[in-house]
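Colleague: For reference, the file final15.cif (mmCIF, C-alpha atoms) is included below:
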```
data_query
loop_
_atom_site.label_atom_id
_atom_site.label_comp_id
_atom_site.auth_asym_id
_atom_site.auth_seq_id
_atom_site.Cartn_x
_atom_site.Cartn_y
_atom_site.Cartn_z
CA MET A 24 117.46 124.52 113.74
CA VAL A 25 113.90 125.75 113.58
CA LEU A 26 112.97 128.82 115.56
CA VAL A 27 109.29 128.44 116.42
CA TYR A 28 107.55 131.61 117.61
CA ASN A 29 103.95 130.67 118.23
CA ILE A 30 101.00 128.52 117.22
CA TYR A 31 97.32 129.40 116.82
CA ILE A 32 94.48 126.88 116.43
CA PHE A 33 91.20 128.14 115.00
CA ASP A 34 87.98 126.16 114.89
CA ARG A 35 85.21 126.23 112.29
CA HIS A 36 83.62 129.22 113.95
CA CYS A 37 86.66 131.41 113.21
CA GLN A 38 87.46 131.44 116.94
CA CYS A 39 90.93 130.99 118.30
CA ILE A 40 90.64 127.93 120.56
CA PHE A 41 94.30 127.64 121.45
CA TYR A 42 97.39 129.81 121.40
CA THR A 43 100.84 129.38 122.81
CA GLU A 44 104.19 131.01 122.20
CA TRP A 45 107.85 130.22 122.66
CA ASN A 46 110.50 132.67 121.58
CA ARG A 47 108.48 135.82 121.41
CA VAL A 48 109.49 139.32 122.44
CA ASN A 49 106.44 141.48 121.73
CA SER A 50 103.87 139.19 123.33
CA PRO A 51 100.27 140.47 123.50
CA LEU A 52 99.71 138.08 126.43
CA ALA A 53 102.27 139.90 128.51
CA ALA A 54 100.75 143.23 127.45
CA ASP A 55 97.31 142.02 128.53
CA ALA A 56 98.63 140.77 131.86
CA GLU A 57 100.25 144.12 132.40
CA ALA A 58 97.09 146.04 131.50
CA ASN A 59 95.01 143.71 133.63
CA ARG A 60 97.25 144.17 136.60
CA SER A 61 97.34 147.93 136.38
CA SER A 62 93.55 148.15 136.00
CA LYS A 63 93.09 145.85 138.97
CA GLU A 64 95.51 147.92 140.94
CA LEU A 65 93.46 150.97 140.13
CA VAL A 66 90.31 149.30 141.35
CA ARG A 67 91.47 147.35 144.34
CA GLY A 68 94.63 149.00 145.41
CA ASN A 69 97.09 146.51 146.83
CA GLN A 70 94.90 143.39 146.83
CA VAL A 71 96.29 142.17 143.55
CA LEU A 72 97.08 138.58 142.68
CA THR A 73 100.15 138.96 140.55
CA GLY A 74 101.10 135.28 140.76
CA ASP A 75 98.83 134.24 137.89
CA GLY A 76 99.98 136.89 135.43
CA ALA A 77 101.38 135.66 132.14
CA SER A 78 104.29 138.02 132.58
CA SER A 79 105.63 135.91 135.42
CA ARG A 80 105.57 132.90 133.08
CA SER A 81 107.87 134.17 130.40
CA SER A 82 108.87 131.54 127.88
CA LEU A 83 112.13 130.46 129.42
CA ASP A 84 113.61 127.10 128.61
CA GLY A 85 112.27 124.29 130.74
CA GLN A 86 109.28 126.34 131.80
CA ARG A 87 105.82 125.89 130.47
CA PRO A 88 105.00 128.54 127.88
CA PRO A 89 101.97 130.80 128.39
CA VAL A 90 98.75 129.64 126.78
CA TRP A 91 95.51 131.31 125.77
CA PRO A 92 92.52 131.22 126.18
CA THR A 93 92.36 130.00 129.74
CA THR A 94 89.45 129.89 132.16
CA SER A 95 90.77 132.94 133.93
CA SER A 96 91.16 134.80 130.64
CA SER A 97 87.57 133.97 129.68
CA THR A 98 86.38 135.47 132.96
CA ALA A 99 88.64 138.39 132.16
CA ARG A 100 86.94 138.53 128.77
CA ARG A 101 83.53 138.65 130.38
CA ILE A 102 84.72 141.50 132.53
CA SER A 103 86.23 143.32 129.57
CA ALA A 104 83.07 142.61 127.52
CA GLU A 105 81.26 144.87 129.92
CA SER A 106 83.60 147.67 129.03
CA SER A 107 83.32 146.45 125.37
CA GLN A 108 87.05 146.40 124.90
CA ASN A 109 88.99 143.60 123.31
CA THR A 110 92.25 142.42 124.80
CA ALA A 111 95.41 142.70 122.73
CA MET A 112 95.42 138.93 122.37
CA GLU A 113 91.89 138.80 120.99
CA GLU A 114 92.72 141.54 118.52
CA GLU A 115 95.76 139.69 117.33
CA ALA A 116 93.93 136.38 116.95
CA LYS A 117 91.34 138.11 114.78
CA LEU A 118 94.02 139.73 112.62
CA VAL A 119 95.81 136.43 112.13
CA TYR A 120 92.58 134.68 111.19
CA GLY A 121 91.73 137.45 108.75
CA VAL A 122 95.12 137.23 107.07
CA VAL A 123 95.15 133.44 106.61
CA TYR A 124 91.50 133.38 105.55
CA SER A 125 91.98 136.05 102.87
CA THR A 126 95.22 134.50 101.66
CA ARG A 127 93.62 131.08 101.37
CA ASN A 128 90.73 132.55 99.40
CA ILE A 129 92.86 134.39 96.85
CA ILE A 130 94.98 131.25 96.37
CA ASN A 131 91.81 129.24 95.79
CA LYS A 132 90.77 131.78 93.15
CA PHE A 133 94.05 131.28 91.28
CA ASN A 134 93.36 127.58 91.15
CA GLY A 135 89.83 128.14 89.89
CA LYS A 136 88.54 126.26 92.91
CA ASP A 137 86.66 128.97 94.67
CA SER A 138 84.44 126.72 96.74
CA PRO A 139 81.74 128.34 98.86
CA GLN A 140 82.25 125.59 101.44
CA GLY A 141 85.73 126.90 102.14
CA GLY A 142 88.51 124.40 102.60
CA ASN A 143 91.96 124.68 101.15
CA PRO A 144 91.81 123.10 97.66
CA GLY A 145 94.38 125.61 96.38
CA GLY A 146 96.95 124.27 98.82
CA PHE A 147 98.03 127.45 100.62
CA MET A 148 101.06 126.35 102.64
CA SER A 149 102.96 129.36 103.93
CA PHE A 150 103.92 132.95 103.42
CA ALA A 151 107.13 134.71 104.28
CA THR A 152 107.89 138.30 105.19
CA ASN A 153 111.39 139.51 105.90
CA THR A 154 111.14 138.66 109.60
CA TYR A 155 109.09 135.48 109.88
CA ARG A 156 107.31 132.74 107.96
CA LEU A 157 103.73 131.77 108.65
CA HIS A 158 102.74 128.14 107.99
CA TYR A 159 99.15 127.11 107.48
CA TYR A 160 97.43 123.74 107.68
CA GLU A 161 93.73 123.14 107.40
CA ALA A 162 92.20 119.84 108.51
CA PRO A 163 89.26 118.41 106.55
CA THR A 164 86.95 119.32 109.45
CA GLY A 165 87.86 122.99 109.10
CA VAL A 166 90.21 123.20 112.08
CA LYS A 167 93.05 125.55 111.11
CA PHE A 168 96.59 125.45 112.42
CA VAL A 169 98.85 128.49 112.08
CA LEU A 170 102.51 128.22 113.03
CA ASN A 171 105.05 131.04 112.89
CA THR A 172 108.73 130.27 112.48
CA ASP A 173 111.88 132.01 111.33
CA VAL A 174 112.14 132.87 107.62
CA ASN A 175 114.54 130.11 106.61
CA THR A 176 112.28 127.22 107.60
CA THR A 177 110.77 126.22 104.31
CA SER A 178 108.22 123.50 104.93
CA MET A 179 106.42 122.76 108.15
CA GLN A 180 103.50 120.95 106.51
CA PRO A 181 104.55 117.51 107.86
CA VAL A 182 104.97 119.03 111.32
CA LEU A 183 101.52 120.64 111.28
CA GLU A 184 99.93 117.48 109.96
CA MET A 185 101.67 115.55 112.74
CA ILE A 186 100.37 118.01 115.34
CA TYR A 187 96.86 117.56 113.97
CA ARG A 188 96.95 113.80 113.59
CA ASN A 189 98.97 112.69 116.60
CA ILE A 190 98.43 115.46 119.13
CA TYR A 191 95.18 117.31 118.42
CA VAL A 192 93.15 114.23 117.50
CA GLU A 193 94.70 112.01 120.16
CA TYR A 194 94.56 114.39 123.12
CA VAL A 195 91.69 116.72 122.32
CA VAL A 196 89.21 114.89 120.10
CA LYS A 197 89.62 111.48 121.74
CA ASN A 198 89.24 112.94 125.21
CA PRO A 199 85.94 111.52 126.54
CA LEU A 200 85.16 114.89 128.07
CA PHE A 201 85.47 116.61 124.67
CA THR A 202 82.10 117.72 123.37
CA ILE A 203 81.54 118.89 119.84
CA ASP A 204 79.15 121.75 120.11
CA PRO A 205 78.09 122.64 116.56
CA THR A 206 77.04 126.13 117.53
CA ALA A 207 79.80 127.37 119.82
CA SER A 208 83.52 126.95 120.17
CA THR A 209 85.29 125.36 123.09
CA PRO A 210 88.77 126.51 124.03
CA ILE A 211 91.30 123.73 124.47
CA GLU A 212 92.08 123.50 128.17
CA ASN A 213 93.70 120.12 128.23
CA ASP A 214 96.95 119.85 130.15
CA TYR A 215 98.11 116.71 128.34
CA PHE A 216 97.64 118.42 125.00
CA ARG A 217 99.68 121.41 126.15
CA ALA A 218 102.46 119.29 127.56
CA VAL A 219 102.76 117.01 124.54
CA LEU A 220 102.64 119.93 122.10
CA ASN A 221 105.27 121.78 124.12
CA ASN A 222 107.57 118.75 124.12
CA TYR A 223 107.09 118.17 120.41
CA ILE A 224 107.87 121.78 119.50
CA ARG A 225 110.96 121.76 121.71
CA GLU A 226 112.03 118.55 120.02
CA ILE A 227 111.78 119.96 116.49
CA SER A 228 113.35 123.24 117.62
CA SER A 229 116.50 121.49 118.66
CA ALA A 230 116.53 118.87 115.89
CA ALA A 231 117.65 119.34 112.33
CA MET A 232 115.25 120.74 109.72
CA PRO A 233 112.34 118.39 109.02
CA THR A 234 112.48 117.04 105.52
CA ALA A 235 109.75 118.22 103.19
CA MET B 17 108.39 129.82 84.53
CA ILE B 18 106.32 132.92 85.23
CA HIS B 19 102.57 132.48 85.13
CA ALA B 20 101.48 136.07 85.61
CA VAL B 21 102.63 139.55 86.58
CA PHE B 22 100.66 142.07 88.63
CA ILE B 23 101.51 145.62 89.61
CA ILE B 24 99.70 147.22 92.54
CA ASN B 25 99.87 150.94 93.28
CA ARG B 26 100.38 152.55 96.68
CA SER B 27 96.71 152.49 97.61
CA GLY B 28 96.05 148.86 96.67
CA GLY B 29 94.69 149.44 93.17
CA LEU B 30 95.65 147.15 90.32
CA ILE B 31 97.55 149.07 87.64
CA TYR B 32 98.89 146.19 85.55
CA ASN B 33 97.84 142.60 85.10
CA LYS B 34 99.11 140.16 82.51
CA SER B 35 98.89 136.40 82.34
CA TYR B 36 101.51 134.36 80.47
CA SER B 37 100.37 130.79 80.92
CA ASP B 38 97.17 128.80 81.22
CA GLN B 39 98.29 126.80 84.24
CA LEU B 40 96.60 129.18 86.63
CA ALA B 41 92.93 130.05 86.35
CA GLN B 42 92.39 133.30 84.47
CA LEU B 43 91.14 135.89 86.90
CA SER B 44 88.30 138.03 85.61
CA SER B 45 89.01 141.76 85.80
CA ASN B 46 86.84 141.95 88.88
CA GLU B 47 88.65 139.06 90.57
CA ALA B 48 91.98 140.63 89.71
CA LEU B 49 90.94 143.86 91.43
CA ILE B 50 89.83 141.87 94.47
CA PHE B 51 93.15 140.06 94.45
CA ALA B 52 95.06 143.36 94.41
CA GLY B 53 93.06 144.81 97.26
CA THR B 54 93.30 141.65 99.35
CA PHE B 55 97.02 141.31 98.77
CA HIS B 56 97.54 144.93 99.74
CA GLY B 57 95.68 144.31 103.00
CA ILE B 58 97.48 141.07 103.80
CA HIS B 59 100.80 142.73 103.14
CA ALA B 60 100.02 145.51 105.60
CA LEU B 61 98.66 143.16 108.27
CA ALA B 62 101.47 140.63 107.96
CA SER B 63 103.92 143.06 109.52
CA ARG B 64 101.50 143.90 112.33
CA ILE B 65 101.10 140.27 113.41
CA SER B 66 104.82 139.58 113.28
CA PRO B 67 105.97 137.55 116.29
CA ALA B 68 109.60 138.17 115.46
CA PRO B 69 111.80 141.04 116.60
CA LYS B 70 112.30 143.77 114.01
CA GLY B 71 114.61 142.23 111.49
CA THR B 72 117.79 143.55 110.06
CA SER B 73 117.37 141.40 106.99
CA ASP B 74 118.04 143.08 103.66
CA ARG B 75 115.44 140.98 101.89
CA ASP B 76 112.61 143.28 101.01
CA TYR B 77 110.47 140.89 99.08
CA GLU B 78 107.88 138.51 100.37
CA SER B 79 106.35 135.33 99.06
CA ILE B 80 103.36 133.05 99.41
CA ASP B 81 103.93 129.33 98.89
CA THR B 82 101.20 126.99 97.77
CA LYS B 83 101.00 123.40 96.57
CA ASN B 84 101.49 124.20 92.90
CA PHE B 85 102.67 127.78 92.50
CA ARG B 86 104.36 130.63 94.33
CA LEU B 87 103.58 134.33 94.57
CA HIS B 88 106.53 136.69 94.91
CA CYS B 89 106.15 140.30 95.86
CA PHE B 90 108.77 143.01 95.62
CA GLN B 91 107.89 146.32 97.17
CA THR B 92 109.69 149.35 95.79
CA PRO B 93 110.77 152.21 98.07
CA THR B 94 107.85 154.23 96.71
CA GLY B 95 105.32 151.62 97.78
CA ILE B 96 104.55 150.04 94.41
CA LYS B 97 104.17 146.25 94.67
CA LEU B 98 105.44 144.11 91.83
CA ILE B 99 104.01 140.60 92.03
CA ALA B 100 104.91 137.54 89.99
CA ALA B 101 103.14 134.19 90.10
CA THR B 102 105.65 131.48 89.22
CA ASP B 103 105.94 127.72 89.30
CA LEU B 104 107.88 126.09 92.12
CA LEU B 105 111.09 125.74 90.12
CA GLN B 106 111.59 129.39 89.18
CA ALA B 107 114.90 130.72 90.48
CA ASN B 108 116.27 134.28 90.82
CA ILE B 109 112.82 135.76 90.96
CA ALA B 110 114.08 138.73 92.97
CA GLU B 111 116.27 139.70 90.02
CA VAL B 112 113.44 139.26 87.54
CA LEU B 113 111.23 141.51 89.67
CA ALA B 114 114.01 144.09 89.85
CA ASP B 115 114.11 143.99 86.04
CA VAL B 116 110.34 144.45 85.94
CA TYR B 117 110.86 147.51 88.13
CA LYS B 118 113.40 148.88 85.63
CA LEU B 119 110.92 148.39 82.81
CA TYR B 120 108.25 150.09 84.88
CA CYS B 121 110.55 153.08 85.40
CA ASP B 122 111.64 153.27 81.77
CA TYR B 123 108.38 152.63 79.96
CA ALA B 124 105.73 153.82 82.38
CA LEU B 125 107.21 156.48 84.66
CA LYS B 126 109.29 158.16 81.97
CA ASN B 127 106.35 158.28 79.60
CA PRO B 128 105.14 161.92 79.65
CA PHE B 129 101.55 160.78 79.11
CA TYR B 130 101.55 158.41 82.09
CA SER B 131 99.85 159.66 85.23
CA LEU B 132 100.97 158.20 88.55
CA GLU B 133 98.88 155.54 90.27
CA MET B 134 96.90 154.94 87.07
CA PRO B 135 96.72 151.73 85.00
CA ILE B 136 99.70 151.21 82.68
CA ARG B 137 98.65 151.15 79.04
CA SER B 138 101.78 151.03 76.96
CA ASP B 139 102.54 148.68 74.08
CA MET B 140 106.26 149.13 74.64
CA PHE B 141 105.95 148.07 78.27
CA ASP B 142 103.83 145.07 77.24
CA SER B 143 106.32 143.84 74.66
CA MET B 144 109.42 144.44 76.80
CA LEU B 145 107.84 142.62 79.71
CA LEU B 146 106.85 139.73 77.46
CA LYS B 147 110.46 139.50 76.29
CA LEU B 148 111.68 139.51 79.91
CA VAL B 149 109.20 136.86 81.04
CA GLN B 150 110.03 134.54 78.17
CA GLY B 151 113.70 134.88 78.99
#
```
Please re-express this file's structure in structure tokens.
Modeller:
Amino acid sequence: MVLVYNIYIFDRHCQCIFYTEWNRVNSPLAADAEANRSSKELVRGNQVLTGDGASSRSSLDGQRPPVWPTTSSSTARRISAESSQNTAMEEEAKLVYGVVYSTRNIINKFNGKDSPQGGNPGGFMSFATNTYRLHYYEAPTGVKFVLNTDVNTTSMQPVLEMIYRNIYVEYVVKNPLFTIDPTASTPIENDYFRAVLNNYIREISSAAMPTA
Amino acid sequence: MIHAVFIINRSGGLIYNKSYSDQLAQLSSNEALIFAGTFHGIHALASRISPAPKGTSDRDYESIDTKNFRLHCFQTPTGIKLIAATDLLQANIAEVLADVYKLYCDYALKNPFYSLEMPIRSDMFDSMLLKLVQG
């Protein structure tokens, strides 16, 4: 049994281009939806669309888990950019990126392979605290995958590589509508990608531990 | 086997740093200070980004796994971090770190000339730790 909490995908520009969660209690997405709703209520009184809130899509079995960023959240971001306030989700994505980036760099130092081009020559794989374990995989193109599981799951490297090779590349990169913009990042808003990833994670959650 | 031992004080400063093997790159004193500060920061942030409910686990040490070595950290109740870099086969590292903590108490804290939060310069501590690391 593997208890998977959430997954973040970061592109070369340090931006979170995809996030989704499964068994999470303290979700920043729900907090944002709540904050969004109350601020809207303040502005527009009763004319609130509550149907699209992430809180109504809690990660129950059989339901699709909430994802981020979405088109509606990027409009929300533009609105919040005016008030120059980051959402809880943005804050968290930045913290997670900062942690894995710094960890990777100190590990590279220990291996004497402190390359200015970045990359993961030191082979940083995971770290564990007493409540969760964070797994890290970096593709040669600089796309970074961060997966949080329970503490007892030791190696998720094959799983992350599989997500990169058979899900990310197949459904995101090979999509004819996918454009590689070297200057900006594009959030992943591909329904097939979401569905396949969701199925795969549910599969490994119920299966036995993947072998290292 | 243990490659290196680091001790970080409550504010993220490096107070002890000793390398016991040449399998890891030797950090310069500057790099070691950067390592201590970075680790201190990661350690603090790691609990803030936790997706899991507050645990009831009694494990109070943390670890970083890499391709060819592992970093283990044991945080004492007073906020001192004891860190050991080991190979992937090292077992019982929690006990070794607890022994390092005992040595720290006996040979650093109980030394009347030692001031808290400052680098540990004690030949006795050095030699006892060497004995512990070499088993």
Colleague: Would you list the contacts of His56 (chain B) as a ChimeraX atom specification, taking every protein, DNA or RNA residue within 9 Å and counting all atoms listed in the file, but skipping same-chain residues closer than 3 positions in sequence?
Modeller: /B:24,26-29,51-53,59-61,97
Colleague: How would you write, as a PyMOL selection string, the residues chosen by the PyMOL selection byres ((chain A) within 6 of (chain B)) on this structure?
Modeller: chain A and resi 47+122+133-135+146-154
Colleague: Applying 10 Å and only C-alpha atoms, which residues near Tyr120 (chain A) remain after dropping the ones on its own chain fewer than 5 positions away? List them as a list of chain:residue names.
Modeller: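 The filter keeps A:Tyr31, A:Ile32, A:Phe33, A:Cys37, A:Gln38, A:Cys39, A:Glu115, A:Ser125, A:Thr126, A:Lys167, A:Val169.
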Colleague: Please produce a file of those selected residues containing C-alpha atoms, as a short mmCIF file (atom, residue, chain, number, x, y, z; two decimals), keeping the file's coordinate frame.
Modeller:
```cif
data_model
loop_
_atom_site.label_atom_id
_atom_site.label_comp_id
_atom_site.auth_asym_id
_atom_site.auth_seq_id
_atom_site.Cartn_x
_atom_site.Cartn_y
_atom_site.Cartn_z
CA TYR A 31 97.32 129.40 116.82
CA ILE A 32 94.48 126.88 116.43
CA PHE A 33 91.20 128.14 115.00
CA CYS A 37 86.66 131.41 113.21
CA GLN A 38 87.46 131.44 116.94
CA CYS A 39 90.93 130.99 118.30
CA GLU A 115 95.76 139.69 117.33
CA SER A 125 91.98 136.05 102.87
CA THR A 126 95.22 134.50 101.66
CA LYS A 167 93.05 125.55 111.11
CA VAL A 169 98.85 128.49 112.08
#
```
Colleague: Give me, as a PyMOL selection string, all polymer residues having an atom no more than 12 Å from region 135-150 of chain B, counting all atoms listed in the file and skipping those fewer than 5 positions away in the same chain.
Modeller: chain B and resi 17-25+29-37+49+100-102+106+109+111-130
Colleague: In Å to one decimal, how far is CA of Asp34 (chain A) from CA of Arg87 (chain A)?
Modeller: 23.7 Å
Colleague: What is the CA of Ile130 (chain A) to CA of Asn46 (chain B) distance in Å?
Modeller: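 CA of Asn46 (chain B) lies at a distance of 15.4 Å from CA of Ile130 (chain A).
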Colleague: For a test of reading the model, state the distance in Å between CA of Val219 (chain A) and CA of Pro144 (chain A), rounded to one decimal.
Modeller: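 These atoms are spaced 29.7 Å apart.
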Colleague: Which residues come within 6 Å of Val174 (chain A), counting only C-alpha atoms, excluding same-chain residues fewer than 2 positions away, as a list of chain:residue names?
Modeller: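 Contacts, with the query itself left out: A:Tyr155, A:Arg156, A:Thr176.
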Colleague: Please dump the current selection as a JSON list (two decimals), keeping the file's coordinate frame; keep C-alpha atoms.
Modeller:
```json
[["chain", "number", "residue", "atom", "x", "y", "z"],
["A", 155, "TYR", "CA", 109.09, 135.48, 109.88],
["A", 156, "ARG", "CA", 107.31, 132.74, 107.96],
["A", 176, "THR", "CA", 112.28, 127.22, 107.60]]
```
Colleague: Please tell me which residues are no farther than 7 Å from (90.8, 117.8, 115.0) in the file, counting only C-alpha atoms, and write them as a list in words.
Modeller: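 Output of the proximity query reads Ala162, Thr164, Val166, Tyr187, Tyr191, Val192 and Val196 of chain A.
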Colleague: Compile the contact shell of Phe41 (chain A) as a list of chain:residue names: residues with an atom at most 10 Å away, counting all atoms listed in the file, same-chain residues fewer than 6 positions apart removed.
Modeller: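 With the cut-off at 10 Å, the set is A:Ile30, A:Tyr31, A:Ile32, A:Phe33, A:Asp34, A:Val90, A:Trp91, A:Pro92, A:Thr93, A:Ala116, A:Phe168, A:Thr209, A:Pro210, A:Ile211, A:Glu212, A:Arg217.
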Colleague: Between A:Tyr28, A:Tyr124, A:Tyr223, A:Tyr160, which is the closest to Ile190 (chain A) once you count all atoms listed in the file?
Modeller: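 Going through A:Tyr28, A:Tyr124, A:Tyr223, A:Tyr160 one by one, the smallest distance to Ile190 (chain A) is for A:Tyr223.
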Colleague: Could you please fill out region 84-101 of chain B with N, CA and C atoms and send it back as a PDB file, in the frame of the given file?
Modeller:
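Below is the file that was written, out_4.pdb:
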```pdb
ATOM      1  N   ASN B  84     101.035 124.279  94.283  1.00  0.00           N
ATOM      2  CA  ASN B  84     101.490 124.200  92.900  1.00  0.00           C
ATOM      3  C   ASN B  84     101.969 125.516  92.276  1.00  0.00           C
ATOM      4  N   PHE B  85     102.021 126.585  93.040  1.00  0.00           N
ATOM      5  CA  PHE B  85     102.670 127.780  92.500  1.00  0.00           C
ATOM      6  C   PHE B  85     103.091 128.674  93.652  1.00  0.00           C
ATOM      7  N   ARG B  86     103.803 129.750  93.311  1.00  0.00           N
ATOM      8  CA  ARG B  86     104.360 130.630  94.330  1.00  0.00           C
ATOM      9  C   ARG B  86     104.087 132.067  93.903  1.00  0.00           C
ATOM     10  N   LEU B  87     103.766 132.908  94.861  1.00  0.00           N
ATOM     11  CA  LEU B  87     103.580 134.330  94.570  1.00  0.00           C
ATOM     12  C   LEU B  87     104.739 135.088  95.184  1.00  0.00           C
ATOM     13  N   HIS B  88     105.424 135.887  94.389  1.00  0.00           N
ATOM     14  CA  HIS B  88     106.530 136.690  94.910  1.00  0.00           C
ATOM     15  C   HIS B  88     106.148 138.144  94.833  1.00  0.00           C
ATOM     16  N   CYS B  89     106.469 138.882  95.872  1.00  0.00           N
ATOM     17  CA  CYS B  89     106.150 140.300  95.860  1.00  0.00           C
ATOM     18  C   CYS B  89     107.411 141.089  96.164  1.00  0.00           C
ATOM     19  N   PHE B  90     107.658 142.107  95.366  1.00  0.00           N
ATOM     20  CA  PHE B  90     108.770 143.010  95.620  1.00  0.00           C
ATOM     21  C   PHE B  90     108.184 144.395  95.791  1.00  0.00           C
ATOM     22  N   GLN B  91     108.425 144.993  96.949  1.00  0.00           N
ATOM     23  CA  GLN B  91     107.890 146.320  97.170  1.00  0.00           C
ATOM     24  C   GLN B  91     108.982 147.362  96.942  1.00  0.00           C
ATOM     25  N   THR B  92     108.691 148.318  96.090  1.00  0.00           N
ATOM     26  CA  THR B  92     109.690 149.350  95.790  1.00  0.00           C
ATOM     27  C   THR B  92     109.684 150.382  96.907  1.00  0.00           C
ATOM     28  N   PRO B  93     110.733 151.194  97.003  1.00  0.00           N
ATOM     29  CA  PRO B  93     110.770 152.210  98.070  1.00  0.00           C
ATOM     30  C   PRO B  93     109.596 153.183  97.999  1.00  0.00           C
ATOM     31  N   THR B  94     108.982 153.315  96.827  1.00  0.00           N
ATOM     32  CA  THR B  94     107.850 154.230  96.710  1.00  0.00           C
ATOM     33  C   THR B  94     106.519 153.560  97.002  1.00  0.00           C
ATOM     34  N   GLY B  95     106.545 152.272  97.366  1.00  0.00           N
ATOM     35  CA  GLY B  95     105.320 151.620  97.780  1.00  0.00           C
ATOM     36  C   GLY B  95     104.572 150.884  96.689  1.00  0.00           C
ATOM     37  N   ILE B  96     105.160 150.828  95.481  1.00  0.00           N
ATOM     38  CA  ILE B  96     104.550 150.040  94.410  1.00  0.00           C
ATOM     39  C   ILE B  96     104.873 148.564  94.667  1.00  0.00           C
ATOM     40  N   LYS B  97     103.893 147.682  94.505  1.00  0.00           N
ATOM     41  CA  LYS B  97     104.170 146.250  94.670  1.00  0.00           C
ATOM     42  C   LYS B  97     104.201 145.572  93.322  1.00  0.00           C
ATOM     43  N   LEU B  98     105.312 144.889  93.052  1.00  0.00           N
ATOM     44  CA  LEU B  98     105.440 144.110  91.830  1.00  0.00           C
ATOM     45  C   LEU B  98     105.272 142.656  92.221  1.00  0.00           C
ATOM     46  N   ILE B  99     104.314 141.968  91.615  1.00  0.00           N
ATOM     47  CA  ILE B  99     104.010 140.600  92.030  1.00  0.00           C
ATOM     48  C   ILE B  99     104.149 139.668  90.836  1.00  0.00           C
ATOM     49  N   ALA B 100     104.819 138.541  91.039  1.00  0.00           N
ATOM     50  CA  ALA B 100     104.910 137.540  89.990  1.00  0.00           C
ATOM     51  C   ALA B 100     104.412 136.218  90.530  1.00  0.00           C
ATOM     52  N   ALA B 101     103.557 135.554  89.764  1.00  0.00           N
ATOM     53  CA  ALA B 101     103.140 134.190  90.100  1.00  0.00           C
ATOM     54  C   ALA B 101     104.011 133.266  89.279  1.00  0.00           C
TER      55      ALA B 101
END
```
